[in-house]
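**Q** This is the structure I want to talk about, given as structure tokens.
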Amino acid sequence: VPHFSCSAPNCSNSTSIGKQLFRFPKDPDRKKKWVVNCRRDFEPTPHSRLCQVGSHRRWHPAVCEAL
């Protein structure tokens with residue numbers, strides 16, 4: 001079973017500790033919103049994930065909108 005870690009800066013949440021992670025959307029506009037809202041300058045890969053807990057609450061509405 002593959003394990004994934006959150007791509008957000010300073011986040012150590014991962015599936016190996018039972019946290020739920022979400023894939024970045026395939027739609028380019030939605031994906032860009034996620035990248036901007038997680039405050040990290042990078043191009044997500046198919047393996048990139050974001051979690052929905054703790055300090056990431058600031059982008060929670062964007063995640064809900066994009067799911």
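Residue numbers start at 1 in each chain; chains themselves are named A, B, ... in the order of the structure tokens; ligands are numbered from 1 in the order shown.
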What lies within 10 Å of Phe42 in chain A using only C-alpha atoms, ignoring chain neighbours under 6 positions off, as a VMD selection string?

**A** chain A and resid 7 35 to 36

**Q** Determine which residues of range 4-64 of chain A DSSP labels as strand (DSSP E) from the backbone of this structure, then write them out as a list in words.

**A**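 Here are the strand (DSSP E) residues of range 4-64 of chain A: Leu21, Phe22, Arg23, Arg49, Leu50 and Cys51 of chain A.
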
**Q** Would you write out those residues with all heavy atoms, as a PDB file, in the first residue's frame?

**A**
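Result file follows (again.pdb):
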ATOM      1  N   LEU A  21      -5.750  12.334   2.827  1.00  0.00           N
ATOM      2  CA  LEU A  21      -5.117  13.263   1.897  1.00  0.00           C
ATOM      3  C   LEU A  21      -5.898  13.269   0.591  1.00  0.00           C
ATOM      4  O   LEU A  21      -6.506  12.267   0.211  1.00  0.00           O
ATOM      5  CB  LEU A  21      -3.666  12.865   1.648  1.00  0.00           C
ATOM      6  CG  LEU A  21      -2.763  12.842   2.877  1.00  0.00           C
ATOM      7  CD1 LEU A  21      -1.380  12.337   2.500  1.00  0.00           C
ATOM      8  CD2 LEU A  21      -2.645  14.206   3.507  1.00  0.00           C
ATOM      9  N   PHE A  22      -5.841  14.406  -0.089  1.00  0.00           N
ATOM     10  CA  PHE A  22      -6.597  14.577  -1.321  1.00  0.00           C
ATOM     11  C   PHE A  22      -5.664  14.854  -2.488  1.00  0.00           C
ATOM     12  O   PHE A  22      -4.716  15.624  -2.357  1.00  0.00           O
ATOM     13  CB  PHE A  22      -7.577  15.747  -1.183  1.00  0.00           C
ATOM     14  CG  PHE A  22      -8.570  15.535  -0.084  1.00  0.00           C
ATOM     15  CD1 PHE A  22      -8.319  16.029   1.180  1.00  0.00           C
ATOM     16  CD2 PHE A  22      -9.736  14.833  -0.321  1.00  0.00           C
ATOM     17  CE1 PHE A  22      -9.229  15.827   2.212  1.00  0.00           C
ATOM     18  CE2 PHE A  22     -10.653  14.628   0.692  1.00  0.00           C
ATOM     19  CZ  PHE A  22     -10.392  15.126   1.964  1.00  0.00           C
ATOM     20  N   ARG A  23      -5.956  14.245  -3.632  1.00  0.00           N
ATOM     21  CA  ARG A  23      -5.189  14.512  -4.848  1.00  0.00           C
ATOM     22  C   ARG A  23      -5.499  15.913  -5.349  1.00  0.00           C
ATOM     23  O   ARG A  23      -6.604  16.421  -5.173  1.00  0.00           O
ATOM     24  CB  ARG A  23      -5.575  13.533  -5.950  1.00  0.00           C
ATOM     25  CG  ARG A  23      -5.145  12.143  -5.682  1.00  0.00           C
ATOM     26  CD  ARG A  23      -5.555  11.263  -6.841  1.00  0.00           C
ATOM     27  NE  ARG A  23      -5.135   9.910  -6.546  1.00  0.00           N
ATOM     28  CZ  ARG A  23      -5.667   8.845  -7.084  1.00  0.00           C
ATOM     29  NH1 ARG A  23      -6.648   8.960  -7.954  1.00  0.00           N
ATOM     30  NH2 ARG A  23      -5.228   7.662  -6.758  1.00  0.00           N
ATOM     31  N   ARG A  49      -0.288  15.393  -2.771  1.00  0.00           N
ATOM     32  CA  ARG A  49      -1.523  15.371  -1.991  1.00  0.00           C
ATOM     33  C   ARG A  49      -1.540  16.534  -0.999  1.00  0.00           C
ATOM     34  O   ARG A  49      -0.496  17.061  -0.627  1.00  0.00           O
ATOM     35  CB  ARG A  49      -1.632  14.075  -1.165  1.00  0.00           C
ATOM     36  CG  ARG A  49      -1.535  12.775  -1.951  1.00  0.00           C
ATOM     37  CD  ARG A  49      -2.819  12.514  -2.726  1.00  0.00           C
ATOM     38  NE  ARG A  49      -2.899  11.173  -3.248  1.00  0.00           N
ATOM     39  CZ  ARG A  49      -2.383  10.780  -4.401  1.00  0.00           C
ATOM     40  NH1 ARG A  49      -1.699  11.614  -5.141  1.00  0.00           N
ATOM     41  NH2 ARG A  49      -2.529   9.542  -4.817  1.00  0.00           N
ATOM     42  N   LEU A  50      -2.736  16.906  -0.557  1.00  0.00           N
ATOM     43  CA  LEU A  50      -2.913  17.878   0.523  1.00  0.00           C
ATOM     44  C   LEU A  50      -3.863  17.285   1.544  1.00  0.00           C
ATOM     45  O   LEU A  50      -4.840  16.625   1.189  1.00  0.00           O
ATOM     46  CB  LEU A  50      -3.506  19.187   0.000  1.00  0.00           C
ATOM     47  CG  LEU A  50      -2.589  20.093  -0.799  1.00  0.00           C
ATOM     48  CD1 LEU A  50      -3.373  21.298  -1.306  1.00  0.00           C
ATOM     49  CD2 LEU A  50      -1.405  20.548   0.027  1.00  0.00           C
ATOM     50  N   CYS A  51      -3.586  17.559   2.817  1.00  0.00           N
ATOM     51  CA  CYS A  51      -4.494  17.109   3.866  1.00  0.00           C
ATOM     52  C   CYS A  51      -5.451  18.242   4.220  1.00  0.00           C
ATOM     53  O   CYS A  51      -5.309  19.368   3.749  1.00  0.00           O
ATOM     54  CB  CYS A  51      -3.720  16.632   5.086  1.00  0.00           C
ATOM     55  SG  CYS A  51      -2.954  17.947   6.043  1.00  0.00           S
TER      56      CYS A  51
END

**Q** Please, what distance in Å, to one decimal, runs between CA of Ser16 in chain A and CA of Val1 in chain A?

**A**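 Calculated distance between CA of Ser16 in chain A and CA of Val1 in chain A is 9.6 Å.
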
**Q** Rounded to one decimal, what separation in Å do you get between CA of Lys19 in chain A and CA of His47 in chain A?

**A**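 Interatomic distance, CA of Lys19 in chain A to CA of His47 in chain A: 15.5 Å.
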
**Q** Show me, as a PyMOL selection string, the residues that have an atom within 12 Å of Phe24 in chain A when counting only C-alpha atoms, minus same-chain residues fewer than 6 positions from it.

**A** chain A and resi 6-8+30-38+43-51+62-64+66-67

**Q** Between A:Pro25, A:Pro9, A:Pro2, A:Ile17, single out the one closest to Asp41 in chain A, counting only C-alpha atoms.

**A**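 Of all the options, A:Pro9 lies closest to Asp41 in chain A.
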